[in-house]
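Engineer: Okay, so here is data-v3.pdb, and as you'll see once you scroll down, it has PDB, C-alpha atoms.
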MODEL        1
ATOM      1  CA  MET Y  33       0.000   0.000   0.000
ATOM      2  CA  ILE Y  34       1.275   3.441  -0.880
ATOM      3  CA  SER Y  35       0.693   6.176   1.673
ATOM      4  CA  ALA Y  36      -0.348   9.645   0.595
ATOM      5  CA  HIS Y  37       3.077  11.048   1.346
ATOM      6  CA  GLU Y  38       4.956   8.397  -0.630
ATOM      7  CA  GLY Y  39       3.123   9.237  -3.829
ATOM      8  CA  GLY Y  40       2.840   6.834  -6.714
ATOM      9  CA  GLY Y  41       6.013   7.584  -8.664
ATOM     10  CA  GLY Y  42       8.542   6.012  -6.318
ATOM     11  CA  GLY Y  43      10.799   9.097  -6.567
ATOM     12  CA  THR Y  44      11.535  11.868  -4.093
ATOM     13  CA  PRO Y  45       8.261  13.251  -2.741
ATOM     14  CA  ARG Y  46       7.426  16.638  -4.160
ATOM     15  CA  THR Y  47       7.068  19.527  -1.764
ATOM     16  CA  ALA Y  48       4.795  22.522  -1.436
ATOM     17  CA  LEU Y  49       4.750  25.661   0.637
ATOM     18  CA  VAL Y  50       1.352  26.979   1.648
ATOM     19  CA  MET Y  51       1.835  30.619   2.625
ATOM     20  CA  LEU Y  52      -0.998  32.222   4.540
ATOM     21  CA  GLY Y  53      -1.847  35.898   4.548
ATOM     22  CA  CYS Y  54      -3.621  37.832   7.260
ATOM     23  CA  PRO Y  55      -6.460  35.604   8.560
ATOM     24  CA  GLN Y  56      -8.960  38.462   8.291
ATOM     25  CA  LEU Y  57     -10.949  36.707   5.518
ATOM     26  CA  CYS Y  58     -12.411  33.396   6.621
ATOM     27  CA  ALA Y  59     -12.142  31.665   3.225
ATOM     28  CA  GLN Y  60      -8.381  31.421   3.767
ATOM     29  CA  THR Y  61      -8.592  28.976   6.675
ATOM     30  CA  SER Y  62     -11.048  26.574   5.046
ATOM     31  CA  GLY Y  63      -9.228  26.947   1.719
ATOM     32  CA  ALA Y  64      -5.863  26.160   3.291
ATOM     33  CA  LEU Y  65      -7.158  23.033   5.055
ATOM     34  CA  PHE Y  66      -8.796  21.879   1.819
ATOM     35  CA  LEU Y  67      -5.573  22.534  -0.102
ATOM     36  CA  LEU Y  68      -3.507  20.579   2.450
ATOM     37  CA  ASN Y  69      -5.852  17.622   2.068
ATOM     38  CA  GLU Y  70      -5.649  17.770  -1.742
ATOM     39  CA  LEU Y  71      -1.856  18.008  -1.694
ATOM     40  CA  ALA Y  72      -1.540  15.072   0.688
ATOM     41  CA  ALA Y  73      -3.791  13.016  -1.574
ATOM     42  CA  CYS Y  74      -1.359  13.740  -4.433
ATOM     43  CA  GLY Y  75       1.630  12.687  -2.345
ATOM     44  CA  ILE Y  76       2.949  16.222  -1.989
ATOM     45  CA  ASP Y  77       4.511  17.131   1.369
ATOM     46  CA  ALA Y  78       3.362  20.544   2.528
ATOM     47  CA  MET Y  79       4.832  23.147   4.830
ATOM     48  CA  VAL Y  80       2.542  25.905   6.065
ATOM     49  CA  ALA Y  81       3.951  29.375   6.763
ATOM     50  CA  GLY Y  82       2.011  32.193   8.338
ATOM     51  CA  THR Y  83       1.686  34.570  11.209
ATOM     52  CA  PRO Y  84       1.023  32.971  14.607
ATOM     53  CA  SER Y  85      -2.652  33.978  14.260
ATOM     54  CA  ALA Y  86      -3.061  32.563  10.756
ATOM     55  CA  CYS Y  87      -1.477  29.246  11.806
ATOM     56  CA  ALA Y  88      -3.599  29.173  14.974
ATOM     57  CA  HIS Y  89      -6.762  29.388  12.856
ATOM     58  CA  LEU Y  90      -5.725  26.174  11.125
ATOM     59  CA  ALA Y  91      -4.674  24.464  14.352
ATOM     60  CA  VAL Y  92      -7.965  25.287  16.062
ATOM     61  CA  ALA Y  93      -9.981  24.068  13.078
ATOM     62  CA  ASP Y  94      -7.920  20.866  12.864
ATOM     63  CA  PRO Y  95      -7.285  19.897  16.508
ATOM     64  CA  ALA Y  96      -6.298  16.308  15.733
ATOM     65  CA  GLY Y  97      -3.836  17.441  13.058
ATOM     66  CA  HIS Y  98      -5.425  15.509  10.220
ATOM     67  CA  TYR Y  99      -4.483  18.221   7.707
ATOM     68  CA  LEU Y 100      -2.085  20.652   9.362
ATOM     69  CA  GLY Y 101       1.363  19.117   9.729
ATOM     70  CA  ALA Y 102       4.603  21.068   9.601
ATOM     71  CA  HIS Y 103       4.199  24.797   9.986
ATOM     72  CA  MET Y 104       6.436  27.746  10.682
ATOM     73  CA  ASP Y 105       6.593  31.491  11.107
ATOM     74  CA  ILE Y 106       6.307  33.408   7.836
ATOM     75  CA  ASP Y 107       9.453  35.498   8.423
ATOM     76  CA  GLU Y 108      11.538  32.416   9.228
ATOM     77  CA  CYS Y 109      10.239  30.820   6.043
ATOM     78  CA  ILE Y 110      11.269  33.819   3.940
ATOM     79  CA  ALA Y 111      14.685  33.846   5.620
ATOM     80  CA  GLU Y 112      15.279  30.156   4.831
ATOM     81  CA  LEU Y 113      14.322  30.609   1.197
ATOM     82  CA  ALA Y 114      16.288  33.834   0.770
ATOM     83  CA  GLU Y 115      19.406  32.252   2.277
ATOM     84  CA  GLY Y 116      19.047  29.178   0.044
ATOM     85  CA  GLU Y 117      18.582  26.827   2.989
ATOM     86  CA  GLN Y 118      15.224  25.497   1.796
ATOM     87  CA  ASP Y 119      13.064  25.441  -1.326
ATOM     88  CA  TYR Y 120       9.799  23.908  -2.525
ATOM     89  CA  ASP Y 121       8.472  22.610  -5.833
ATOM     90  CA  PHE Y 122       5.301  24.663  -5.476
ATOM     91  CA  CYS Y 123       4.605  27.805  -3.458
ATOM     92  CA  PHE Y 124       0.922  28.564  -2.911
ATOM     93  CA  VAL Y 125       0.235  32.061  -1.598
ATOM     94  CA  PHE Y 126      -3.121  33.240  -0.245
ATOM     95  CA  ILE Y 127      -3.528  36.910  -1.159
ATOM     96  CA  HIS Y 128      -6.232  39.376  -0.222
ATOM     97  CA  ASN Y 129      -4.247  42.548   0.475
ATOM     98  CA  ASP Y 130      -1.231  44.508  -0.687
ATOM     99  CA  ALA Y 131       1.113  42.653   1.659
ATOM    100  CA  GLY Y 132       0.041  39.339   0.115
ATOM    101  CA  VAL Y 133       1.058  40.643  -3.308
ATOM    102  CA  ALA Y 134       4.449  41.612  -1.893
ATOM    103  CA  TYR Y 135       4.966  38.137  -0.378
ATOM    104  CA  ALA Y 136       3.987  36.423  -3.652
ATOM    105  CA  ALA Y 137       6.402  38.572  -5.663
ATOM    106  CA  THR Y 138       9.128  37.780  -3.141
ATOM    107  CA  LEU Y 139       8.497  34.030  -3.348
ATOM    108  CA  ALA Y 140       8.543  34.205  -7.148
ATOM    109  CA  SER Y 141      11.988  35.769  -6.884
ATOM    110  CA  ILE Y 142      13.632  33.643  -4.175
ATOM    111  CA  SER Y 143      12.106  30.208  -4.863
ATOM    112  CA  GLY Y 144      13.052  28.025  -7.791
ATOM    113  CA  GLY Y 145       9.644  26.357  -7.638
ATOM    114  CA  ALA Y 146       6.377  27.408  -9.228
ATOM    115  CA  THR Y 147       4.628  30.242  -7.409
ATOM    116  CA  ILE Y 148       0.845  29.960  -7.441
ATOM    117  CA  ALA Y 149      -0.974  33.128  -6.390
ATOM    118  CA  LEU Y 150      -4.480  32.566  -4.991
ATOM    119  CA  ILE Y 151      -5.979  36.043  -5.064
ATOM    120  CA  PHE Y 152      -9.352  36.382  -3.358
ATOM    121  CA  GLY Y 153     -11.605  38.902  -1.666
ATOM    122  CA  GLU Y 154     -13.310  42.092  -2.725
ATOM    123  CA  HIS Y 155     -10.256  43.610  -4.435
ATOM    124  CA  ALA Y 156      -8.914  40.466  -6.102
ATOM    125  CA  GLU Y 157      -8.713  41.814  -9.649
ATOM    126  CA  GLU Y 158      -7.020  45.038  -8.588
ATOM    127  CA  LEU Y 159      -4.511  43.081  -6.484
ATOM    128  CA  ALA Y 160      -3.812  40.700  -9.379
ATOM    129  CA  SER Y 161      -2.716  43.644 -11.519
ATOM    130  CA  GLY Y 162       0.067  44.223  -8.984
ATOM    131  CA  LEU Y 163       1.578  40.903 -10.020
ATOM    132  CA  GLU Y 164       1.869  41.765 -13.721
ATOM    133  CA  GLY Y 165       5.301  40.786 -14.946
ATOM    134  CA  ILE Y 166       5.917  38.561 -11.908
ATOM    135  CA  ARG Y 167       6.750  34.916 -12.646
ATOM    136  CA  CYS Y 168       3.723  33.218 -11.104
ATOM    137  CA  GLU Y 169       0.435  31.471 -11.873
ATOM    138  CA  LYS Y 170      -2.369  33.855 -10.975
ATOM    139  CA  HIS Y 171      -5.821  32.635  -9.944
ATOM    140  CA  ILE Y 172      -8.500  35.197  -9.169
ATOM    141  CA  ILE Y 173     -11.196  33.868  -6.832
ATOM    142  CA  ARG Y 174     -14.425  35.755  -6.323
ATOM    143  CA  GLY Y 175     -15.461  36.443  -2.746
ATOM    144  CA  GLY Y 176     -13.867  36.063   0.637
ATOM    145  CA  HIS Y 177     -16.634  34.649   2.812
ATOM    146  CA  ASN Y 178     -18.074  31.834   0.719
ATOM    147  CA  PRO Y 179     -15.383  29.137   0.528
ATOM    148  CA  LEU Y 180     -16.898  27.287  -2.452
ATOM    149  CA  PRO Y 181     -15.303  29.374  -5.241
ATOM    150  CA  MET Y 182     -11.987  28.898  -3.434
ATOM    151  CA  LYS Y 183     -12.590  25.138  -3.245
ATOM    152  CA  ARG Y 184     -13.361  24.902  -6.972
ATOM    153  CA  THR Y 185     -10.220  26.806  -7.902
ATOM    154  CA  LEU Y 186      -8.012  24.806  -5.540
ATOM    155  CA  ARG Y 187      -9.317  21.533  -6.958
ATOM    156  CA  GLU Y 188      -8.422  22.682 -10.494
ATOM    157  CA  VAL Y 189      -5.029  24.003  -9.459
ATOM    158  CA  VAL Y 190      -4.026  20.848  -7.595
ATOM    159  CA  ALA Y 191      -5.160  18.714 -10.560
ATOM    160  CA  TRP Y 192      -2.756  20.779 -12.688
ATOM    161  CA  VAL Y 193       0.003  20.445 -10.078
ATOM    162  CA  ALA Y 194      -0.482  16.673  -9.930
ATOM    163  CA  LEU Y 195       0.174  16.425 -13.672
ATOM    164  CA  LYS Y 196       3.384  18.467 -13.568
ATOM    165  CA  ASN Y 197       6.641  16.533 -13.461
TER     166      ASN Y 197
ATOM    167  CA  MET O  43      14.854  35.197  11.979
ATOM    168  CA  GLY O  44      14.692  38.890  11.278
ATOM    169  CA  CYS O  45      13.366  40.894  14.172
ATOM    170  CA  VAL O  46      12.870  44.539  13.444
ATOM    171  CA  GLU O  47      12.041  45.176  17.096
ATOM    172  CA  LYS O  48      15.759  44.893  17.910
ATOM    173  CA  LEU O  49      16.421  47.937  15.744
ATOM    174  CA  ASN O  50      16.079  51.463  17.065
ATOM    175  CA  TYR O  51      13.852  52.566  14.222
ATOM    176  CA  GLU O  52      11.726  55.559  13.313
ATOM    177  CA  VAL O  53       8.552  54.953  11.308
ATOM    178  CA  LEU O  54       8.332  57.417   8.412
ATOM    179  CA  ILE O  55       5.096  56.007   6.931
ATOM    180  CA  ARG O  56       2.853  53.312   8.391
ATOM    181  CA  HIS O  57       0.254  51.001   6.802
ATOM    182  CA  CYS O  58       1.177  52.049   3.266
ATOM    183  CA  SER O  59       1.523  50.024   0.073
ATOM    184  CA  PHE O  60       4.960  48.917  -1.133
ATOM    185  CA  ARG O  61       4.533  51.272  -4.118
ATOM    186  CA  GLU O  62       3.945  54.246  -1.796
ATOM    187  CA  ALA O  63       7.065  53.297   0.155
ATOM    188  CA  ALA O  64       9.130  53.198  -3.048
ATOM    189  CA  GLU O  65       7.683  56.520  -4.171
ATOM    190  CA  TYR O  66       8.660  58.145  -0.866
ATOM    191  CA  ILE O  67      12.253  56.938  -1.226
ATOM    192  CA  ARG O  68      12.368  58.046  -4.862
ATOM    193  CA  LYS O  69      11.189  61.568  -4.006
ATOM    194  CA  ASN O  70      12.824  62.187  -0.636
ATOM    195  CA  THR O  71      16.090  60.269  -0.425
ATOM    196  CA  PRO O  72      19.298  61.738  -1.865
ATOM    197  CA  GLU O  73      20.894  58.328  -2.457
ATOM    198  CA  TYR O  74      19.028  55.116  -3.148
ATOM    199  CA  TYR O  75      19.532  51.594  -4.425
ATOM    200  CA  GLU O  76      17.464  48.902  -6.069
ATOM    201  CA  VAL O  77      17.610  45.518  -4.310
ATOM    202  CA  PRO O  78      15.986  42.156  -5.108
ATOM    203  CA  PRO O  79      13.119  40.689  -3.041
ATOM    204  CA  GLY O  80      14.473  38.801  -0.038
ATOM    205  CA  PHE O  81      17.489  41.153   0.229
ATOM    206  CA  ARG O  82      18.910  40.986   3.738
ATOM    207  CA  ILE O  83      19.477  44.220   5.588
ATOM    208  CA  PHE O  84      20.301  44.213   9.297
ATOM    209  CA  ASP O  85      18.555  40.944  10.247
ATOM    210  CA  VAL O  86      15.533  41.523   8.030
ATOM    211  CA  HIS O  87      14.718  40.099   4.592
ATOM    212  CA  ILE O  88      12.916  42.728   2.546
ATOM    213  CA  ILE O  89       9.532  41.738   1.095
ATOM    214  CA  GLY O  90       8.137  43.450  -1.966
ATOM    215  CA  VAL O  91       7.416  43.743  -5.649
ATOM    216  CA  PRO O  92      10.404  44.840  -7.739
ATOM    217  CA  PRO O  93      11.801  47.420  -8.016
ATOM    218  CA  ILE O  94      12.399  47.540  -4.261
ATOM    219  CA  LEU O  95      14.187  50.711  -3.242
ATOM    220  CA  VAL O  96      16.380  51.260  -0.176
ATOM    221  CA  GLY O  97      17.560  54.766   0.617
ATOM    222  CA  VAL O  98      20.574  56.274   2.362
ATOM    223  CA  GLU O  99      20.189  59.600   4.121
ATOM    224  CA  GLY O 100      23.273  60.688   6.018
ATOM    225  CA  GLU O 101      23.920  58.030   8.669
ATOM    226  CA  HIS O 102      20.528  56.400   8.147
ATOM    227  CA  ILE O 103      19.088  53.680   5.948
ATOM    228  CA  ILE O 104      15.454  53.935   4.858
ATOM    229  CA  PHE O 105      13.780  50.685   3.863
ATOM    230  CA  PRO O 106      10.299  49.114   3.539
ATOM    231  CA  TYR O 107       9.195  46.535   6.089
ATOM    232  CA  THR O 108       6.060  44.509   5.291
ATOM    233  CA  LYS O 109       3.819  42.545   7.661
ATOM    234  CA  PRO O 110       0.936  40.338   6.411
ATOM    235  CA  CYS O 111      -1.783  42.033   8.465
ATOM    236  CA  HIS O 112      -0.504  45.605   8.631
ATOM    237  CA  GLY O 113       0.901  46.378   5.205
ATOM    238  CA  THR O 114       4.183  48.157   4.677
ATOM    239  CA  PHE O 115       6.034  50.457   7.046
ATOM    240  CA  LEU O 116       8.840  52.698   5.889
ATOM    241  CA  LEU O 117      11.568  52.578   8.524
ATOM    242  CA  ARG O 118      14.525  54.865   9.171
ATOM    243  CA  VAL O 119      17.376  53.230  11.063
ATOM    244  CA  VAL O 120      20.970  54.232  11.874
ATOM    245  CA  GLY O 121      22.839  52.334   9.160
ATOM    246  CA  GLY O 122      26.330  51.698  10.545
ATOM    247  CA  GLU O 123      28.147  49.039   8.523
ATOM    248  CA  GLU O 124      24.965  48.212   6.616
ATOM    249  CA  ILE O 125      25.381  51.380   4.530
ATOM    250  CA  GLU O 126      28.643  50.186   2.968
ATOM    251  CA  SER O 127      27.166  46.721   2.521
ATOM    252  CA  LEU O 128      24.176  48.229   0.705
ATOM    253  CA  ARG O 129      26.463  50.312  -1.518
ATOM    254  CA  LYS O 130      28.350  47.135  -2.486
ATOM    255  CA  ARG O 131      25.387  44.791  -2.975
ATOM    256  CA  GLY O 132      22.636  47.088  -4.230
ATOM    257  CA  LYS O 133      22.222  48.578  -7.686
ATOM    258  CA  ARG O 134      22.632  52.345  -7.363
ATOM    259  CA  VAL O 135      19.786  54.337  -8.901
ATOM    260  CA  ARG O 136      20.720  57.762  -7.533
TER     261      ARG O 136
ENDMDL
END
Can you dump the structure from the file as structure tokens?
Structural biologist:
Amino acid sequence: MISAHEGGGGGTPRTALVMLGCPQLCAQTSGALFLLNELAACGIDAMVAGTPSACAHLAVADPAGHYLGAHMDIDECIAELAEGEQDYDFCFVFIHNDAGVAYAATLASISGGATIALIFGEHAEELASGLEGIRCEKHIIRGGHNPLPMKRTLREVVAWVALKN
Amino acid sequence: MGCVEKLNYEVLIRHCSFREAAEYIRKNTPEYYEVPPGFRIFDVHIIGVPPILVGVEGEHIIFPYTKPCHGTFLLRVVGGEEIESLRKRGKRVR
């Protein structure tokens, strides 16, 4: 039997970073837990990075740790990547404010992996324009309270990720 | 880990966008440099959308500091040895 984290290819497990923004919009927490489940099902090991509050939202929603595994402070994560101590095959970034755009642009610059910008909330389209010219996959998701558009997008994105070598 | 709280900083602008921070440096700083995202200054890795600008004003360095929930702050800190390091590693714009 192959466990979720061994994958089906027999090679080195692929890795993903799930970077959380400010937890002000509730769709982020449910979206992140859904994404972690989808990634695990594809055999992709995930690290979560966020502020203490953003990570606590996930921990409270997942008290038995079914979805949330390794997690770390967002500044430590940036430091590791910038210093070349760590990298990931895929970097998912939840974005609903200007700071999220700045973090996504930074990841696109310091990570050798694919940066996937998940831009949601009331100002998603305007925020997405701030990433023009930045090497990343941009996904604009309508709304910030209803998690279903986020779920649909994440399912499509992870299906694409699963097909990438 | 970078901890800006260890620095004796002055906040020039708070809760701004990274573009507003760059515009301030462009207009108000006599000497400034372009640096890549993740550039380390003091013990902080700078977050932002390129071009990220870092200014020098006398003995001070002016740089943007971004937090996920609070946006970008433009900080003014006594530069010390970091000024020479910035001059060597950054791309001078003015």
Engineer: Got a sec to pull out which chain Y residues are within 9 Å of chain O, counting all atoms listed in the file, and send them as a ChimeraX atom specification?
Structural biologist: /Y:52-56,82-83,106-115,129-142,162-163,166
Engineer: Taking 3 positions as the minimum chain separation for residues in the same chain, which residues sit within 10 Å of His89 in chain Y when counting all atoms listed in the file? Answer as an mmCIF file with C-alpha atoms, in the frame of the given file.
Structural biologist:
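Written output follows (part-v6.cif):
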data_model
loop_
_atom_site.group_PDB
_atom_site.id
_atom_site.type_symbol
_atom_site.label_atom_id
_atom_site.label_comp_id
_atom_site.auth_asym_id
_atom_site.auth_seq_id
_atom_site.Cartn_x
_atom_site.Cartn_y
_atom_site.Cartn_z
ATOM 1 C CA PRO Y 55 -6.460 35.604 8.560
ATOM 2 C CA CYS Y 58 -12.411 33.396 6.621
ATOM 3 C CA GLN Y 60 -8.381 31.421 3.767
ATOM 4 C CA THR Y 61 -8.592 28.976 6.675
ATOM 5 C CA SER Y 62 -11.048 26.574 5.046
ATOM 6 C CA PRO Y 84 1.023 32.971 14.607
ATOM 7 C CA SER Y 85 -2.652 33.978 14.260
ATOM 8 C CA ALA Y 86 -3.061 32.563 10.756
ATOM 9 C CA VAL Y 92 -7.965 25.287 16.062
ATOM 10 C CA ALA Y 93 -9.981 24.068 13.078
ATOM 11 C CA ASP Y 94 -7.920 20.866 12.864
#
Engineer: Could you list the residues chosen by the PyMOL selection byres ((chain Y and resi 47) around 8) in this structure as a list of chain:residue names?
Structural biologist: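 Output from the PyMOL selection byres ((chain Y and resi 47) around 8), applied to this file: Y:Pro45, Y:Arg46, Y:Ala48, Y:Leu49, Y:Ile76, Y:Asp77, Y:Ala78, Y:Met79, Y:Tyr120, Y:Asp121, Y:Phe122.
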Engineer: What does the structure give for the distance between CA of Pro72 in chain O and CA of Val98 in chain O, in Å to one decimal?
Structural biologist: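 These two atoms are separated by 7.0 Å.
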Engineer: Each side padded by 8 Å, which centre and which edge lengths in Å (one decimal) define the axis-aligned box around the listed atoms of range 142-155 of chain Y? Give them as lines of an AutoDock Vina configuration file.
Structural biologist:
center_x = 0.2
center_y = 35.0
center_z = -5.4
size_x = 42.9
size_y = 33.3
size_z = 23.6
Engineer: Might you spell out which residues the PyMOL selection byres ((chain O and resi 96) around 8) would select in the displayed file, as number ranges by chain?
Structural biologist: O: 67, 74-77, 94-95, 97-98, 103-106
Engineer: Pick out the residues sitting within 12 Å of Gly175 in chain Y, and hand them over as a list in words; count all atoms listed in the file, and ignore anything fewer than 5 positions along from it in its own chain.
Structural biologist: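 Close residues of Gly175 in chain Y: Leu57, Cys58, Ala59, Gln60, His128, Leu150, Ile151, Phe152, Gly153, Glu154, His155, Ala156, Glu157, Leu180, Pro181, Met182 and Lys183 of chain Y.
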Engineer: Using all atoms listed in the file, find the one residue out of O:His102, O:Arg136, O:Arg56, O:Lys48 that sits nearest to Val119 in chain O.
Structural biologist: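 Nearest to Val119 in chain O: O:His102.
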Engineer: I'd like the interatomic distance between CA of Ala102 in chain Y and CA of Leu67 in chain Y, to a tenth of an Å.
Structural biologist: 14.1 Å
Engineer: Between CA of Lys133 in chain O and CA of Glu47 in chain O, what is the spacing in Å?
Structural biologist: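 Calculated distance between CA of Glu47 in chain O and CA of Lys133 in chain O is 27.0 Å.
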Engineer: Taking all atoms listed in the file into account, name the residue in Y:Leu159, Y:Leu65, Y:Ala146, Y:Gly165 that is nearest to Pro95 in chain Y.
Structural biologist: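 Among Y:Leu159, Y:Leu65, Y:Ala146, Y:Gly165, it is Y:Leu65 that comes nearest to Pro95 in chain Y.
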Engineer: Using only C-alpha atoms, which of the listed residues (O:Gly132, O:Asn70, O:Phe84, O:Glu126) sits closest to Tyr107 in chain O?
Structural biologist: O:Phe84
Engineer: Quick one: residues within 7 Å of (7.9, 53.0, 9.6) (file frame), counting all atoms listed in the file, please, as a PyMOL selection string.
Structural biologist: chain O and resi 52-56+115-118
